[in-house]
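*Asks:* Enclosed is the structure file entry.pdb (PDB, C-alpha atoms).
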ATOM      1  CA  MET A 184      -0.535 275.632 -91.486
ATOM      2  CA  SER A 185       1.102 274.406 -88.305
ATOM      3  CA  GLY A 186       4.182 276.645 -88.671
ATOM      4  CA  GLY A 187       2.261 279.911 -88.890
ATOM      5  CA  VAL A 188      -0.206 279.019 -86.173
ATOM      6  CA  LEU A 189       2.617 277.823 -83.928
ATOM      7  CA  ASN A 190       4.553 281.052 -84.374
ATOM      8  CA  TRP A 191       1.494 283.140 -83.619
ATOM      9  CA  CYS A 192       0.607 281.104 -80.544
ATOM     10  CA  PHE A 193       4.112 281.160 -79.085
ATOM     11  CA  LYS A 194       4.859 284.819 -79.696
ATOM     12  CA  LYS A 195       3.895 286.014 -76.233
ATOM     13  CA  SER A 196       4.598 283.305 -73.729
ATOM     14  CA  ILE A 197       5.089 279.624 -73.380
ATOM     15  CA  TRP A 198       4.275 277.678 -70.293
ATOM     16  CA  VAL A 199       6.593 274.822 -69.701
ATOM     17  CA  TYR A 200       6.142 271.470 -68.047
ATOM     18  CA  HIS A 201       9.470 270.055 -66.941
ATOM     19  CA  VAL A 202       9.946 266.294 -67.297
ATOM     20  CA  ASN A 203      12.813 264.320 -65.831
ATOM     21  CA  ALA A 204      13.126 261.346 -68.157
ATOM     22  CA  GLY A 205      15.998 259.594 -66.421
ATOM     23  CA  SER A 206      18.187 262.654 -66.057
ATOM     24  CA  CYS A 207      20.954 262.757 -63.434
ATOM     25  CA  ASN A 208      19.516 266.055 -62.025
ATOM     26  CA  GLY A 209      22.381 268.108 -63.493
ATOM     27  CA  CYS A 210      20.154 269.560 -66.199
ATOM     28  CA  ASP A 211      17.278 269.966 -63.733
ATOM     29  CA  ILE A 212      19.467 272.129 -61.505
ATOM     30  CA  GLU A 213      20.498 274.280 -64.487
ATOM     31  CA  VAL A 214      16.831 274.671 -65.446
ATOM     32  CA  LEU A 215      16.221 275.844 -61.889
ATOM     33  CA  ASP A 216      19.044 278.385 -62.328
ATOM     34  CA  VAL A 217      17.364 279.770 -65.416
ATOM     35  CA  LEU A 218      14.283 280.582 -63.316
ATOM     36  CA  THR A 219      16.251 282.632 -60.772
ATOM     37  CA  PRO A 220      16.228 286.465 -60.976
ATOM     38  CA  TYR A 221      19.813 286.415 -62.280
ATOM     39  CA  TYR A 222      18.861 284.697 -65.543
ATOM     40  CA  ASP A 223      15.124 285.376 -65.265
ATOM     41  CA  VAL A 224      13.511 283.406 -68.055
ATOM     42  CA  GLU A 225      10.132 284.811 -66.982
ATOM     43  CA  ARG A 226      10.904 288.023 -68.873
ATOM     44  CA  PHE A 227      10.132 285.957 -71.987
ATOM     45  CA  GLY A 228       6.803 284.967 -70.481
ATOM     46  CA  ILE A 229       8.084 281.503 -69.714
ATOM     47  CA  ARG A 230       7.123 279.842 -66.467
ATOM     48  CA  LEU A 231       6.925 276.337 -65.142
ATOM     49  CA  VAL A 232       3.464 274.857 -64.657
ATOM     50  CA  HIS A 233       2.467 271.920 -62.539
ATOM     51  CA  THR A 234       0.443 269.927 -65.000
ATOM     52  CA  PRO A 235       0.998 269.103 -68.672
ATOM     53  CA  ARG A 236      -2.611 270.180 -69.378
ATOM     54  CA  HIS A 237      -1.648 273.811 -68.757
ATOM     55  CA  ALA A 238       1.587 273.562 -70.715
ATOM     56  CA  ASP A 239       2.597 274.662 -74.200
ATOM     57  CA  ALA A 240       5.962 272.979 -74.115
ATOM     58  CA  LEU A 241       7.516 269.890 -72.641
ATOM     59  CA  LEU A 242      11.045 270.414 -71.343
ATOM     60  CA  VAL A 243      12.555 266.961 -71.306
ATOM     61  CA  ALA A 244      15.875 266.150 -69.621
ATOM     62  CA  GLY A 245      17.469 262.732 -69.704
ATOM     63  CA  PRO A 246      17.981 259.904 -72.189
ATOM     64  CA  VAL A 247      14.412 258.540 -71.702
ATOM     65  CA  THR A 248      14.703 255.329 -69.760
ATOM     66  CA  ARG A 249      12.521 252.385 -70.706
ATOM     67  CA  GLN A 250      10.518 252.813 -67.516
ATOM     68  CA  VAL A 251       9.703 256.450 -68.225
ATOM     69  CA  ARG A 252       8.971 256.052 -71.941
ATOM     70  CA  GLU A 253       5.293 255.165 -71.466
ATOM     71  CA  ARG A 254       4.811 258.051 -69.006
ATOM     72  CA  LEU A 255       6.521 260.475 -71.365
ATOM     73  CA  LEU A 256       4.200 259.475 -74.208
ATOM     74  CA  ARG A 257       1.200 259.940 -71.905
ATOM     75  CA  LEU A 258       2.507 263.366 -70.850
ATOM     76  CA  TYR A 259       2.951 264.319 -74.488
ATOM     77  CA  ASP A 260      -0.636 263.312 -75.243
ATOM     78  CA  ALA A 261      -1.841 265.370 -72.281
ATOM     79  CA  VAL A 262      -0.303 268.601 -73.610
ATOM     80  CA  PRO A 263      -2.844 270.494 -75.734
ATOM     81  CA  GLU A 264      -2.027 271.321 -79.364
ATOM     82  CA  PRO A 265       0.016 273.147 -80.586
ATOM     83  CA  LYS A 266       2.960 271.958 -78.511
ATOM     84  CA  LEU A 267       6.724 272.259 -78.402
ATOM     85  CA  VAL A 268       9.224 269.705 -77.178
ATOM     86  CA  ILE A 269      12.578 270.991 -75.900
ATOM     87  CA  GLY A 270      15.306 268.477 -75.165
ATOM     88  CA  VAL A 271      17.765 269.715 -72.534
ATOM     89  CA  GLY A 272      21.190 268.159 -72.154
ATOM     90  CA  SER A 273      23.365 265.812 -74.129
ATOM     91  CA  CYS A 274      21.317 262.854 -72.894
ATOM     92  CA  ALA A 275      18.152 264.260 -74.423
ATOM     93  CA  ALA A 276      19.974 265.220 -77.613
ATOM     94  CA  GLY A 277      21.569 261.893 -78.419
ATOM     95  CA  GLY A 278      21.425 259.632 -75.398
ATOM     96  CA  GLY A 279      24.638 261.049 -73.914
ATOM     97  CA  ILE A 280      26.920 258.366 -72.536
ATOM     98  CA  TRP A 281      23.906 256.042 -72.381
ATOM     99  CA  HIS A 282      23.188 256.178 -76.094
ATOM    100  CA  ASP A 283      23.592 252.419 -76.564
ATOM    101  CA  SER A 284      22.360 251.219 -73.181
ATOM    102  CA  TYR A 285      19.598 248.594 -73.137
ATOM    103  CA  ALA A 286      17.844 250.589 -70.400
ATOM    104  CA  THR A 287      17.336 253.821 -72.371
ATOM    105  CA  CYS A 288      15.728 254.849 -75.635
ATOM    106  CA  GLY A 289      18.854 256.819 -76.623
ATOM    107  CA  GLY A 290      17.470 260.357 -76.554
ATOM    108  CA  VAL A 291      14.132 262.125 -76.694
ATOM    109  CA  GLY A 292      14.298 262.234 -80.500
ATOM    110  CA  ASN A 293      13.656 258.486 -80.645
ATOM    111  CA  VAL A 294      10.401 258.851 -78.720
ATOM    112  CA  LEU A 295       8.933 262.292 -79.486
ATOM    113  CA  PRO A 296       9.299 264.872 -82.279
ATOM    114  CA  VAL A 297      11.704 267.427 -80.755
ATOM    115  CA  ASN A 298      11.699 271.118 -81.788
ATOM    116  CA  VAL A 299      14.898 272.306 -80.116
ATOM    117  CA  TYR A 300      17.828 270.390 -78.687
ATOM    118  CA  ILE A 301      20.061 272.079 -76.122
ATOM    119  CA  PRO A 302      23.218 269.958 -75.824
ATOM    120  CA  GLY A 303      25.519 270.290 -72.825
ATOM    121  CA  CYS A 304      26.437 268.204 -69.839
ATOM    122  CA  PRO A 305      24.754 270.042 -68.260
ATOM    123  CA  PRO A 306      24.107 273.012 -70.546
ATOM    124  CA  ARG A 307      24.974 276.249 -68.764
ATOM    125  CA  PRO A 308      21.980 278.482 -67.970
ATOM    126  CA  GLU A 309      22.960 280.822 -70.821
ATOM    127  CA  ALA A 310      22.835 277.884 -73.219
ATOM    128  CA  ILE A 311      19.316 277.022 -72.051
ATOM    129  CA  LEU A 312      18.307 280.686 -72.457
ATOM    130  CA  TYR A 313      19.781 280.637 -75.947
ATOM    131  CA  GLY A 314      17.836 277.499 -76.835
ATOM    132  CA  VAL A 315      14.611 278.941 -75.522
ATOM    133  CA  ALA A 316      15.239 282.222 -77.354
ATOM    134  CA  GLN A 317      15.876 280.193 -80.485
ATOM    135  CA  ALA A 318      12.608 278.332 -80.033
ATOM    136  CA  LEU A 319      10.903 281.740 -79.810
ATOM    137  CA  GLY A 320      12.725 282.922 -82.948
ATOM    138  CA  LEU A 321      14.733 285.654 -81.186
ATOM    139  CA  VAL A 322      18.227 284.382 -82.020
ATOM    140  CA  PRO A 323      19.622 282.398 -84.964
ATOM    141  CA  LYS A 324      21.145 278.928 -84.962
ATOM    142  CA  ASN A 325      24.878 279.029 -84.266
ATOM    143  CA  VAL A 326      26.179 275.570 -85.198
ATOM    144  CA  GLU A 327      26.635 273.877 -88.530
ATOM    145  CA  ALA A 328      27.709 270.442 -89.710
ATOM    146  CA  GLN A 329      31.309 270.229 -90.921
ATOM    147  CA  GLU A 330      32.616 268.073 -93.730
ATOM    148  CA  TYR A 331      36.228 267.647 -94.774
ATOM    149  CA  ALA A 332      37.939 265.380 -97.275
ATOM    150  CA  GLU A 333      41.723 265.093 -97.647
ATOM    151  CA  SER A 334      42.700 265.589-101.252
TER     152      SER A 334
ATOM    153  CA  MET B 229      -2.764 298.302 -42.321
ATOM    154  CA  PHE B 230      -0.245 301.079 -41.741
ATOM    155  CA  LYS B 231       2.299 298.562 -40.451
ATOM    156  CA  HIS B 232       1.842 296.543 -43.601
ATOM    157  CA  PHE B 233       2.383 299.628 -45.728
ATOM    158  CA  ILE B 234       5.620 300.427 -43.882
ATOM    159  CA  SER B 235       6.993 296.915 -44.387
ATOM    160  CA  GLU B 236       6.225 297.077 -48.103
ATOM    161  CA  LEU B 237       7.928 300.441 -48.322
ATOM    162  CA  LYS B 238      10.976 298.939 -46.644
ATOM    163  CA  GLU B 239      11.009 296.108 -49.176
ATOM    164  CA  THR B 240      10.802 298.590 -52.028
ATOM    165  CA  LEU B 241      13.824 300.436 -50.669
ATOM    166  CA  ILE B 242      15.778 297.181 -50.408
ATOM    167  CA  CYS B 243      14.917 296.333 -54.013
ATOM    168  CA  LEU B 244      15.882 299.806 -55.218
ATOM    169  CA  GLU B 245      19.192 299.547 -53.434
ATOM    170  CA  ALA B 246      19.988 296.208 -55.064
ATOM    171  CA  GLY B 247      19.367 297.614 -58.535
ATOM    172  CA  GLN B 248      19.070 295.383 -61.568
ATOM    173  CA  VAL B 249      20.567 291.946 -61.149
ATOM    174  CA  THR B 250      19.199 290.210 -64.250
ATOM    175  CA  LEU B 251      21.668 289.499 -67.042
ATOM    176  CA  GLY B 252      21.156 291.097 -70.428
ATOM    177  CA  TYR B 253      21.713 287.730 -72.067
ATOM    178  CA  PRO B 254      20.714 286.724 -74.822
ATOM    179  CA  PHE B 255      20.466 290.311 -76.068
ATOM    180  CA  GLN B 256      23.928 291.158 -74.770
ATOM    181  CA  PRO B 257      26.807 288.681 -74.963
ATOM    182  CA  HIS B 258      27.926 287.005 -71.775
ATOM    183  CA  ALA B 259      31.278 285.286 -72.179
ATOM    184  CA  PRO B 260      32.033 282.285 -69.984
ATOM    185  CA  GLU B 261      34.899 282.503 -67.501
ATOM    186  CA  ALA B 262      38.377 281.291 -68.422
ATOM    187  CA  GLY B 263      38.837 277.532 -68.368
ATOM    188  CA  PHE B 264      35.302 276.852 -69.546
ATOM    189  CA  ARG B 265      35.032 273.812 -71.792
ATOM    190  CA  GLY B 266      32.626 274.390 -74.646
ATOM    191  CA  LEU B 267      32.043 272.661 -77.948
ATOM    192  CA  PRO B 268      35.166 270.747 -79.091
ATOM    193  CA  VAL B 269      36.673 272.120 -82.291
ATOM    194  CA  VAL B 270      38.622 269.780 -84.556
ATOM    195  CA  ASP B 271      41.164 271.147 -87.015
ATOM    196  CA  PRO B 272      40.833 268.825 -90.033
ATOM    197  CA  LEU B 273      44.243 269.950 -91.308
ATOM    198  CA  LEU B 274      45.980 268.779 -88.119
ATOM    199  CA  CYS B 275      44.056 265.547 -87.403
ATOM    200  CA  ILE B 276      46.117 262.453 -88.203
ATOM    201  CA  GLY B 277      43.246 260.013 -87.701
ATOM    202  CA  CYS B 278      45.082 257.909 -85.105
ATOM    203  CA  GLY B 279      41.941 257.125 -83.105
ATOM    204  CA  ALA B 280      43.307 258.087 -79.686
ATOM    205  CA  CYS B 281      40.291 260.328 -79.079
ATOM    206  CA  ALA B 282      37.901 257.580 -80.147
ATOM    207  CA  SER B 283      39.201 255.235 -77.453
ATOM    208  CA  ALA B 284      39.321 257.986 -74.815
ATOM    209  CA  CYS B 285      35.816 259.405 -75.390
ATOM    210  CA  PRO B 286      33.482 258.318 -72.557
ATOM    211  CA  ALA B 287      30.394 258.938 -74.693
ATOM    212  CA  ARG B 288      31.963 256.985 -77.589
ATOM    213  CA  LEU B 289      30.824 259.653 -80.011
ATOM    214  CA  ILE B 290      33.949 259.533 -82.187
ATOM    215  CA  ASP B 291      33.790 256.907 -84.872
ATOM    216  CA  MET B 292      36.580 255.638 -87.139
ATOM    217  CA  THR B 293      35.468 253.753 -90.225
ATOM    218  CA  ASP B 294      37.909 252.452 -92.833
ATOM    219  CA  ASP B 295      36.505 252.234 -96.313
ATOM    220  CA  GLY B 296      38.655 251.643 -99.380
ATOM    221  CA  ASP B 297      41.555 254.072 -99.278
ATOM    222  CA  HIS B 298      39.911 256.475 -96.850
ATOM    223  CA  ARG B 299      39.308 256.592 -93.132
ATOM    224  CA  THR B 300      36.222 258.504 -92.052
ATOM    225  CA  VAL B 301      36.547 260.187 -88.662
ATOM    226  CA  SER B 302      33.159 261.373 -87.452
ATOM    227  CA  PHE B 303      32.189 263.273 -84.324
ATOM    228  CA  GLU B 304      28.604 263.010 -83.093
ATOM    229  CA  LEU B 305      28.828 266.091 -80.859
ATOM    230  CA  ALA B 306      25.158 266.070 -79.846
ATOM    231  CA  ARG B 307      25.958 263.624 -77.063
ATOM    232  CA  CYS B 308      29.275 265.234 -76.068
ATOM    233  CA  THR B 309      29.811 265.622 -72.320
ATOM    234  CA  TYR B 310      32.526 268.298 -72.808
ATOM    235  CA  CYS B 311      34.988 266.372 -70.628
ATOM    236  CA  GLY B 312      37.970 267.336 -72.786
ATOM    237  CA  SER B 313      39.454 263.809 -72.874
ATOM    238  CA  CYS B 314      39.836 264.006 -76.666
ATOM    239  CA  ARG B 315      41.850 267.205 -76.315
ATOM    240  CA  ASP B 316      44.032 265.669 -73.609
ATOM    241  CA  VAL B 317      44.979 262.569 -75.605
ATOM    242  CA  CYS B 318      45.302 264.108 -79.082
ATOM    243  CA  PRO B 319      48.968 263.729 -80.137
ATOM    244  CA  ALA B 320      48.560 266.229 -82.982
ATOM    245  CA  GLU B 321      46.757 268.830 -80.830
ATOM    246  CA  ALA B 322      44.010 268.916 -83.428
ATOM    247  CA  VAL B 323      41.215 269.059 -80.835
ATOM    248  CA  THR B 324      40.642 272.195 -78.792
ATOM    249  CA  MET B 325      37.787 273.041 -76.449
ATOM    250  CA  SER B 326      36.172 276.272 -77.606
ATOM    251  CA  MET B 327      34.160 278.759 -75.559
ATOM    252  CA  GLN B 328      31.141 278.032 -77.742
ATOM    253  CA  PHE B 329      28.114 277.086 -75.659
ATOM    254  CA  GLU B 330      25.311 278.416 -77.867
ATOM    255  CA  THR B 331      24.805 275.010 -79.439
ATOM    256  CA  ALA B 332      21.005 274.820 -79.438
ATOM    257  CA  THR B 333      19.669 273.481 -82.717
ATOM    258  CA  ALA B 334      16.581 271.880 -84.198
ATOM    259  CA  SER B 335      18.541 268.990 -85.652
ATOM    260  CA  THR B 336      21.364 266.985 -84.104
ATOM    261  CA  GLN B 337      22.833 266.663 -87.609
ATOM    262  CA  ASP B 338      24.171 270.214 -87.154
ATOM    263  CA  LEU B 339      26.526 268.940 -84.474
ATOM    264  CA  ARG B 340      28.226 266.380 -86.683
ATOM    265  CA  ILE B 341      31.829 266.640 -87.890
ATOM    266  CA  SER B 342      32.999 264.291 -90.592
ATOM    267  CA  MET B 343      36.548 264.068 -91.960
ATOM    268  CA  LYS B 344      37.881 261.798 -94.680
ATOM    269  CA  LEU B 345      41.596 261.032 -94.387
ATOM    270  CA  LYS B 346      43.801 259.020 -96.741
ATOM    271  CA  LEU B 347      44.736 255.505 -95.641
ATOM    272  CA  VAL B 348      47.921 253.543 -96.167
ATOM    273  CA  ARG B 349      47.383 249.851 -96.760
ATOM    274  CA  CYS B 350      49.898 247.032 -96.349
ATOM    275  CA  VAL B 351      51.641 246.243 -99.640
ATOM    276  CA  LEU B 352      51.666 242.505 -98.830
ATOM    277  CA  CYS B 353      48.242 241.704 -97.359
ATOM    278  CA  GLY B 354      46.208 244.881 -97.908
ATOM    279  CA  ASP B 355      45.422 245.399 -94.219
ATOM    280  CA  VAL B 356      45.238 248.923 -92.829
ATOM    281  CA  VAL B 357      48.579 250.375 -91.709
ATOM    282  CA  GLY B 358      47.237 253.778 -90.695
ATOM    283  CA  THR B 359      46.417 257.087 -92.224
ATOM    284  CA  GLN B 360      48.885 258.773 -94.518
ATOM    285  CA  ARG B 361      49.359 261.570 -92.013
ATOM    286  CA  ALA B 362      50.023 259.174 -89.105
ATOM    287  CA  THR B 363      52.599 257.297 -91.204
ATOM    288  CA  ASP B 364      54.269 260.566 -92.199
ATOM    289  CA  ARG B 365      54.443 261.500 -88.543
ATOM    290  CA  VAL B 366      56.085 258.159 -87.663
ATOM    291  CA  VAL B 367      58.663 258.722 -90.417
ATOM    292  CA  ARG B 368      59.325 262.245 -89.159
ATOM    293  CA  ASP B 369      59.818 261.092 -85.571
ATOM    294  CA  LEU B 370      61.998 258.095 -86.561
ATOM    295  CA  VAL B 371      64.146 260.220 -88.821
ATOM    296  CA  ALA B 372      64.608 262.712 -85.999
ATOM    297  CA  ALA B 373      65.421 259.939 -83.500
ATOM    298  CA  THR B 374      67.722 257.741 -85.613
ATOM    299  CA  GLY B 375      69.192 260.207 -88.057
ATOM    300  CA  GLY B 376      68.315 257.861 -90.937
ATOM    301  CA  THR B 377      66.046 258.437 -93.878
ATOM    302  CA  ALA B 378      62.665 256.964 -94.796
ATOM    303  CA  GLU B 379      64.415 254.457 -97.056
ATOM    304  CA  THR B 380      66.790 253.136 -94.393
ATOM    305  CA  ILE B 381      64.022 252.799 -91.815
ATOM    306  CA  GLY B 382      62.001 250.577 -94.150
ATOM    307  CA  TRP B 383      58.841 248.491 -93.607
ATOM    308  CA  LEU B 384      56.748 251.645 -93.377
ATOM    309  CA  ASP B 385      54.168 250.262 -95.778
ATOM    310  CA  LEU B 386      53.666 246.991 -93.898
ATOM    311  CA  CYS B 387      50.959 246.187 -91.381
ATOM    312  CA  LEU B 388      51.830 244.918 -87.892
ATOM    313  CA  ALA B 389      51.316 241.225 -88.737
ATOM    314  CA  CYS B 390      53.422 241.434 -91.905
ATOM    315  CA  LYS B 391      56.179 243.342 -90.052
ATOM    316  CA  ARG B 392      56.291 240.511 -87.533
ATOM    317  CA  LYS B 393      56.549 237.882 -90.281
ATOM    318  CA  GLU B 394      59.287 239.860 -92.019
ATOM    319  CA  ALA B 395      61.224 240.185 -88.796
ATOM    320  CA  MET B 396      60.992 236.423 -88.184
ATOM    321  CA  ALA B 397      62.265 235.735 -91.705
ATOM    322  CA  THR B 398      65.193 238.146 -91.465
ATOM    323  CA  PRO B 399      68.285 236.350 -90.046
ATOM    324  CA  ALA B 400      70.026 239.639 -89.285
ATOM    325  CA  LEU B 401      67.273 240.466 -86.778
ATOM    326  CA  ALA B 402      67.352 237.115 -84.986
ATOM    327  CA  ILE B 403      68.160 237.474 -81.289
ATOM    328  CA  GLU B 404      70.905 235.178 -80.207
ATOM    329  CA  VAL B 405      70.033 233.208 -77.105
ATOM    330  CA  THR B 406      72.984 232.368 -74.923
ATOM    331  CA  ARG B 407      73.123 230.411 -71.745
TER     332      ARG B 407
END
The structure in this file should be written as structure tokens.
*Replies:*
Amino acid sequence: MSGGVLNWCFKKSIWVYHVNAGSCNGCDIEVLDVLTPYYDVERFGIRLVHTPRHADALLVAGPVTRQVRERLLRLYDAVPEPKLVIGVGSCAAGGGIWHDSYATCGGVGNVLPVNVYIPGCPPRPEAILYGVAQALGLVPKNVEAQEYAES
Amino acid sequence: MFKHFISELKETLICLEAGQVTLGYPFQPHAPEAGFRGLPVVDPLLCIGCGACASACPARLIDMTDDGDHRTVSFELARCTYCGSCRDVCPAEAVTMSMQFETATASTQDLRISMKLKLVRCVLCGDVVGTQRATDRVVRDLVAATGGTAETIGWLDLCLACKRKEAMATPALAIEVTR
């Protein structure tokens, strides 16, 4: 059921709550760029809100430090159902260069169920737009795992 | 009231003059400028599995695992920082930085590259010498440098420790120490 309901709910607009979970601010600045008239993510009905209780999606940047983990889980609980989680940046996708640090959880995926990852260090605004458009079902996935074996 | 109306009219004119500034992306393509470093692309036919990229990668996302007669080279590109160090150090020029930035995906598994390359093991102790391709490359370079053949170069199927032992045991290679 959740898939159909989710698609119906997110067709028009998603309101996003932006979380910095130990990010270096690089991704945060790119997210800010996406909101400018040049990239204008609001044409998709997306806007930032100031409380997770108004949000449909959590936009998480950073590898999730141990300190922020509890807060992130509380934020996630505060977002009403149905909800999306978007991980922005290589840190959110796999922990980045802090993937094996004792001070981080090694990516958002280890803490929350993530719907879309947007890798990049930082991802360029177009990449964030592409990820958001993918979350809305406007564009297809563009990457695929590669396997090779020498014969 | 009238003053307010005039100022709004002025603003409208300014906006009309500026025209549309918003990009058509993602409905129209928007290529990055030259020199942009996007997703690294690895040519599995060129990679010699030497591990130079693995030691240069700041995110340590390149993993070399030796198992039996194969070396598995895997790239965990989800945590790539696009620094291009792997491209810079690659002796075989197998890694290139593409212009691909549309890497959003629901699963980080989509950003994984895995290559299995043949290994050469030491004929004496069974330790890893290197991949077949790396050994071939050494032969090629030595043949070009010395003018010999693979047979005259010798010891190509020995690991470092066994080469050292062999060299110690070979009287012809002993260095004469004179006062």
*Asks:* Using the chain letters and numbers from the file, give me the residues hit by the PyMOL selection byres ((chain A) within 8 of (chain B)), as a ChimeraX atom specification.
*Replies:* /A:220-223,273-274,276-282,297-307,309-314,316-317,322,324-333
*Asks:* Please measure the separation of CA of Trp198 (chain A) and CA of Leu242 (chain A), giving the value in Å to one decimal.
*Replies:*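 That distance, rounded to one decimal, is 10.0 Å.
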*Asks:* So for region 203-210 of chain A, what box centre and size do we get, axis-aligned, 5 Å extra on each of the six sides, every listed atom, Å to one decimal, as AutoDock Vina command-line options?
*Replies:*
--center_x 17.6 --center_y 264.6 --center_z -65.1 --size_x 19.6 --size_y 20.0 --size_z 16.1
*Asks:* Distance CA of Asp291 (chain B)-CA of Gly205 (chain A), one decimal place?
*Replies:*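 So the two atoms, CA of Asp291 (chain B) and CA of Gly205 (chain A), lie 25.8 Å apart.
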*Asks:* Could you list the residues chosen by the PyMOL selection byres ((chain A and resi 245) around 9) in this structure as a PyMOL selection string?
*Replies:* chain A and resi 202-208+210+243-244+246-248+270-276+278-279+290-291
*Asks:* So how far away is CA of Thr287 (chain A) from CA of Arg252 (chain A), in Å?
*Replies:*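 Between CA of Arg252 (chain A) and CA of Thr287 (chain A) the gap works out to 8.7 Å.
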*Asks:* On this structure, which residues satisfy the PyMOL selection byres ((chain A and resi 200) around 8), written as a list in words?
*Replies:* Trp198, Val199, His201, Val202, Leu231, Val232, His233, Thr234, Pro235, Ala238, Asp239, Ala240, Leu241 and Leu242 of chain A
*Asks:* Calculated over only C-alpha atoms, which of the candidates A:Glu253, A:Glu225, A:Glu213, A:Asp260 has the smallest distance to Ile197 (chain A)?
*Replies:* A:Glu225
